[in-house]
>>> print(open('final35.cif').read())   # mmCIF, C-alpha atoms
data_data
loop_
_atom_site.label_atom_id
_atom_site.label_comp_id
_atom_site.auth_asym_id
_atom_site.auth_seq_id
_atom_site.Cartn_x
_atom_site.Cartn_y
_atom_site.Cartn_z
CA MET A 122 -105.54 0.02 178.95
CA ALA A 123 -107.41 -0.36 175.66
CA ARG A 124 -104.36 0.99 173.81
CA PHE A 125 -102.15 -1.58 175.55
CA VAL A 126 -104.47 -4.47 174.51
CA GLU A 127 -104.64 -3.10 170.93
CA LEU A 128 -100.81 -3.00 170.69
CA GLY A 129 -100.55 -6.55 172.09
CA LEU A 130 -103.06 -7.91 169.56
CA ASN A 131 -101.28 -6.17 166.67
CA ARG A 132 -98.02 -7.73 167.76
CA ILE A 133 -99.62 -11.19 168.01
CA PHE A 134 -101.21 -10.99 164.55
CA ARG A 135 -97.94 -9.89 162.97
CA SER A 136 -95.85 -12.83 164.22
CA ARG A 137 -95.89 -16.33 162.77
CA TRP A 138 -96.75 -17.84 166.12
CA GLY A 139 -99.67 -15.50 166.50
CA VAL A 140 -101.07 -16.39 163.07
CA ALA A 141 -100.66 -20.09 163.84
CA LEU A 142 -102.44 -19.62 167.17
CA VAL A 143 -105.37 -17.83 165.52
CA ILE A 144 -105.68 -20.56 162.84
CA ALA A 145 -105.62 -23.30 165.48
CA ALA A 146 -108.33 -21.49 167.48
CA LEU A 147 -110.49 -21.20 164.34
CA VAL A 148 -110.10 -24.90 163.57
CA LEU A 149 -111.08 -25.83 167.12
CA LEU A 150 -114.08 -23.52 166.90
CA VAL A 151 -115.28 -25.08 163.61
CA VAL A 152 -114.84 -28.60 164.99
CA GLY A 153 -116.71 -27.67 168.16
CA ILE A 154 -119.61 -26.16 166.21
CA GLY A 155 -119.71 -29.23 163.96
CA ARG A 156 -120.06 -31.48 166.98
CA LEU A 157 -122.94 -29.39 168.32
CA PHE A 158 -124.94 -30.02 165.15
CA SER A 159 -124.04 -33.70 164.78
CA ASP A 160 -127.04 -34.99 166.80
CA GLY A 161 -124.81 -37.30 168.78
CA ASP A 162 -123.50 -39.08 165.67
CA ASP A 163 -119.80 -39.57 166.33
CA ARG A 164 -119.09 -40.05 162.62
CA ALA A 165 -120.09 -36.49 161.64
CA GLY A 166 -116.57 -35.12 161.81
CA ALA A 167 -114.86 -38.33 160.78
CA VAL A 168 -113.53 -39.10 157.36
CA ILE A 169 -115.87 -41.52 155.61
CA SER A 170 -114.08 -44.55 154.24
CA THR A 171 -115.18 -46.18 151.00
CA VAL A 172 -113.25 -49.36 151.75
CA SER A 173 -115.39 -52.26 152.85
CA PRO A 174 -114.32 -54.13 155.95
CA ALA A 175 -112.05 -57.11 155.51
CA PRO A 176 -113.77 -60.48 155.43
CA VAL A 177 -113.55 -62.62 158.51
CA LEU A 178 -111.00 -65.36 157.92
CA SER A 179 -111.10 -68.67 159.66
CA ALA A 180 -108.06 -70.84 160.22
CA ASN A 181 -110.07 -73.67 161.70
CA PRO A 182 -108.72 -76.95 160.25
CA ASP A 183 -112.10 -78.60 160.97
CA ASP A 184 -113.86 -76.42 158.38
CA ASP A 185 -114.81 -78.38 155.26
CA ASP A 186 -114.31 -75.38 152.95
CA SER A 187 -110.57 -75.11 153.57
CA VAL A 188 -108.44 -74.62 150.47
CA ILE A 189 -105.36 -75.95 152.21
CA SER A 190 -105.11 -79.70 152.05
CA PRO A 191 -103.02 -81.61 154.56
CA GLU A 192 -102.06 -83.99 151.75
CA PRO A 193 -99.28 -83.18 149.29
CA PRO A 194 -100.28 -82.26 145.75
CA PRO A 195 -100.58 -85.20 143.39
CA SER A 196 -97.51 -86.28 141.47
CA PRO A 197 -97.50 -85.27 137.82
CA THR A 198 -98.85 -87.90 135.45
CA THR A 199 -98.36 -88.27 131.71
CA SER A 200 -99.91 -90.29 128.96
CA PRO A 201 -97.85 -93.24 127.72
CA GLY A 202 -95.42 -92.13 125.03
CA THR A 203 -95.40 -88.43 126.03
CA ALA A 204 -92.56 -86.55 127.67
CA GLU A 205 -92.31 -86.12 131.42
CA PRO A 206 -92.59 -82.54 132.74
CA GLU A 207 -88.87 -82.47 133.58
CA ALA A 208 -87.94 -83.26 129.94
CA VAL A 209 -90.37 -80.66 128.57
CA ALA A 210 -89.05 -78.01 130.97
CA TYR A 211 -85.44 -78.82 130.07
CA ALA A 212 -86.14 -78.69 126.32
CA PHE A 213 -88.01 -75.40 126.61
CA ALA A 214 -85.38 -73.80 128.89
CA SER A 215 -82.53 -74.93 126.61
CA ALA A 216 -84.25 -73.47 123.54
CA TRP A 217 -85.08 -70.29 125.49
CA ALA A 218 -81.44 -69.82 126.56
CA ASN A 219 -80.10 -70.58 123.05
CA HIS A 220 -80.58 -67.07 121.73
CA ARG A 221 -77.18 -66.08 120.37
CA ASN A 222 -76.77 -65.92 116.59
CA VAL A 223 -80.37 -66.99 115.91
CA SER A 224 -83.16 -64.99 114.37
CA ALA A 225 -86.30 -64.20 116.34
CA GLY A 226 -88.22 -66.59 114.10
CA ALA A 227 -85.79 -69.48 114.61
CA TRP A 228 -85.74 -68.88 118.38
CA HIS A 229 -89.55 -68.86 118.50
CA ASP A 230 -89.75 -72.01 116.38
CA ALA A 231 -87.45 -73.78 118.87
CA ILE A 232 -89.52 -72.92 121.96
CA ALA A 233 -93.02 -73.24 120.43
CA PRO A 234 -93.27 -77.09 120.38
CA ASN A 235 -92.99 -77.17 124.19
CA ALA A 236 -95.28 -74.19 124.87
CA THR A 237 -99.03 -73.78 124.96
CA LYS A 238 -100.54 -71.87 122.06
CA ASP A 239 -101.24 -68.90 124.36
CA LEU A 240 -97.62 -68.70 125.53
CA ALA A 241 -96.26 -69.24 122.01
CA ASP A 242 -98.49 -66.39 120.76
CA GLU A 243 -97.33 -64.19 123.63
CA LEU A 244 -93.67 -64.85 122.80
CA ALA A 245 -94.11 -64.24 119.05
CA GLY A 246 -92.04 -61.24 118.03
CA VAL A 247 -89.91 -61.25 121.19
CA ASP A 248 -86.32 -60.26 120.55
CA PRO A 249 -84.22 -63.22 121.76
CA ALA A 250 -81.33 -60.86 122.52
CA ALA A 251 -83.33 -59.81 125.60
CA VAL A 252 -83.01 -63.30 127.13
CA PRO A 253 -80.67 -62.88 130.11
CA ALA A 254 -79.30 -66.45 130.25
CA ASP A 255 -77.01 -68.31 127.86
CA ARG A 256 -77.19 -71.90 129.12
CA VAL A 257 -79.04 -74.25 131.44
CA LEU A 258 -77.13 -75.63 134.43
CA GLY A 259 -78.35 -79.03 135.62
CA ARG A 260 -81.76 -80.63 135.63
CA PRO A 261 -85.03 -78.81 136.38
CA ALA A 262 -86.52 -79.25 139.84
CA ILE A 263 -90.19 -80.21 139.54
CA VAL A 264 -92.63 -78.86 142.16
CA PRO A 265 -96.12 -80.40 141.94
CA VAL A 266 -98.84 -77.78 142.35
CA GLY A 267 -101.97 -79.72 141.49
CA ASP A 268 -103.38 -82.34 139.18
CA GLY A 269 -102.06 -81.43 135.74
CA LEU A 270 -100.05 -78.47 137.04
CA VAL A 271 -96.38 -78.25 138.06
CA ASP A 272 -93.67 -75.65 138.39
CA ALA A 273 -90.21 -76.42 137.06
CA VAL A 274 -87.30 -74.44 138.48
CA VAL A 275 -84.42 -74.33 136.02
CA THR A 276 -81.04 -72.96 137.07
CA THR A 277 -79.19 -71.04 134.37
CA ASN A 278 -75.87 -69.24 134.25
CA ALA A 279 -77.65 -65.93 135.02
CA GLY A 280 -80.43 -66.88 137.44
CA LYS A 281 -83.45 -69.09 137.94
CA LEU A 282 -86.15 -69.65 135.36
CA THR A 283 -89.44 -70.89 136.77
CA LEU A 284 -91.72 -72.50 134.22
CA ARG A 285 -95.40 -73.24 134.82
CA LEU A 286 -96.34 -76.48 133.05
CA VAL A 287 -99.87 -77.67 132.39
CA ALA A 288 -101.15 -80.98 131.06
CA PRO A 289 -104.74 -80.51 129.95
CA ASP A 290 -104.66 -83.78 127.99
CA LYS A 291 -101.79 -85.48 129.87
CA HIS A 292 -99.30 -83.85 127.45
CA TRP A 293 -97.08 -81.39 129.33
CA LEU A 294 -96.54 -77.89 127.92
CA VAL A 295 -95.02 -74.70 129.33
CA ASP A 296 -97.75 -72.13 129.99
CA GLY A 297 -95.89 -69.45 131.96
CA ILE A 298 -92.42 -68.06 132.57
CA ASP A 299 -90.98 -66.25 135.57
CA TRP A 300 -87.40 -65.00 135.79
CA ASP A 301 -85.35 -64.42 138.94
CA ALA A 302 -81.89 -62.97 138.33
CA SER A 303 -79.30 -64.04 140.90
#
>>> encode(input="final35.cif", output="structure tokens")
Amino acid sequence: MARFVELGLNRIFRSRWGVALVIAALVLLVVGIGRLFSDGDDRAGAVISTVSPAPVLSANPDDDDSVISPEPPPSPTTSPGTAEPEAVAYAFASAWANHRNVSAGAWHDAIAPNATKDLADELAGVDPAAVPADRVLGRPAIVPVGDGLVDAVVTTNAGKLTLRLVAPDKHWLVDGIDWDAS
């Protein structure tokens, strides 16, 4: 009888299924022993997460600290004698799309008057050949975002150019560019 059991165990340990069965039994044994020494703490065998819980969000419209206003954003305003955001966006987009047969310096000089200093500095040294559009199609659509902040969506022959315009002193300038090829 002992010889029969010995032959059966040898056969089990030599097969893949037998090895997998022994490994599974060992894992269950280690987990069981770990639970014995956990002092009733259910987290002993659990993976500890370093992510903090998500904050509780409230969608109560009666809360005074809501960032969503039921009123539309204010319409863009300009100082007398300065260009409207639509005109600034159109001028910038036209200069941006006019990149054929112009040097990088000339291209930059054409867009800089309608850009903030930060954006103009960011675009310095950009190769205008990388501009995907060749011409502006139609007028920009102005989307008010806040007081002194609008987005202008400009349709071009190669996609949509979204310009972020700011007016820190009631003089509109392009402060950001986003491109969506279509």
>>> resolve_selection(input="final35.cif", expression="the PyMOL selection byres ((chain A and resi 218-232) around 6)", output="list of chain:residue names")
A:Phe213, A:Ser215, A:Ala216, A:Trp217, A:Ala233, A:Pro234, A:Asn235, A:Asp248, A:Pro249, A:Ala254, A:Asp255, A:Arg256
>>> atom_distance(input="final35.cif", atom1="CA of Leu282 in chain A", atom2="CA of Thr203 in chain A")
22.9 Å
>>> resolve_selection(input="final35.cif", expression="the PyMOL selection byres ((chain A and resi 299-303) around 10)", output="short mmCIF file (atom, residue, chain, number, x, y, z; two decimals) with C-alpha atoms, in the coordinates of the input")
data_model
loop_
_atom_site.label_atom_id
_atom_site.label_comp_id
_atom_site.auth_asym_id
_atom_site.auth_seq_id
_atom_site.Cartn_x
_atom_site.Cartn_y
_atom_site.Cartn_z
CA VAL A 252 -83.01 -63.30 127.13
CA PRO A 253 -80.67 -62.88 130.11
CA ALA A 254 -79.30 -66.45 130.25
CA VAL A 274 -87.30 -74.44 138.48
CA VAL A 275 -84.42 -74.33 136.02
CA THR A 276 -81.04 -72.96 137.07
CA THR A 277 -79.19 -71.04 134.37
CA ASN A 278 -75.87 -69.24 134.25
CA ALA A 279 -77.65 -65.93 135.02
CA GLY A 280 -80.43 -66.88 137.44
CA LYS A 281 -83.45 -69.09 137.94
CA LEU A 282 -86.15 -69.65 135.36
CA THR A 283 -89.44 -70.89 136.77
CA LEU A 284 -91.72 -72.50 134.22
CA ARG A 285 -95.40 -73.24 134.82
CA GLY A 297 -95.89 -69.45 131.96
CA ILE A 298 -92.42 -68.06 132.57
#
>>> atom_distance(input="final35.cif", atom1="CA of Ala262 in chain A", atom2="CA of Ala208 in chain A")
10.8 Å
>>> closest_residue(input="final35.cif", among="A:Asp296, A:Gly259, A:Arg156, A:Pro265", to="Asp242 in chain A", atoms="only C-alpha atoms")
A:Asp296
>>> resolve_selection(input="final35.cif", expression="the PyMOL selection byres ((chain A and resi 288) around 10)", output="ChimeraX atom specification")
/A:197-200,206,237,268-271,286-287,289-296
>>> atom_distance(input="final35.cif", atom1="CA of Ala212 in chain A", atom2="CA of Leu240 in chain A")
15.2 Å
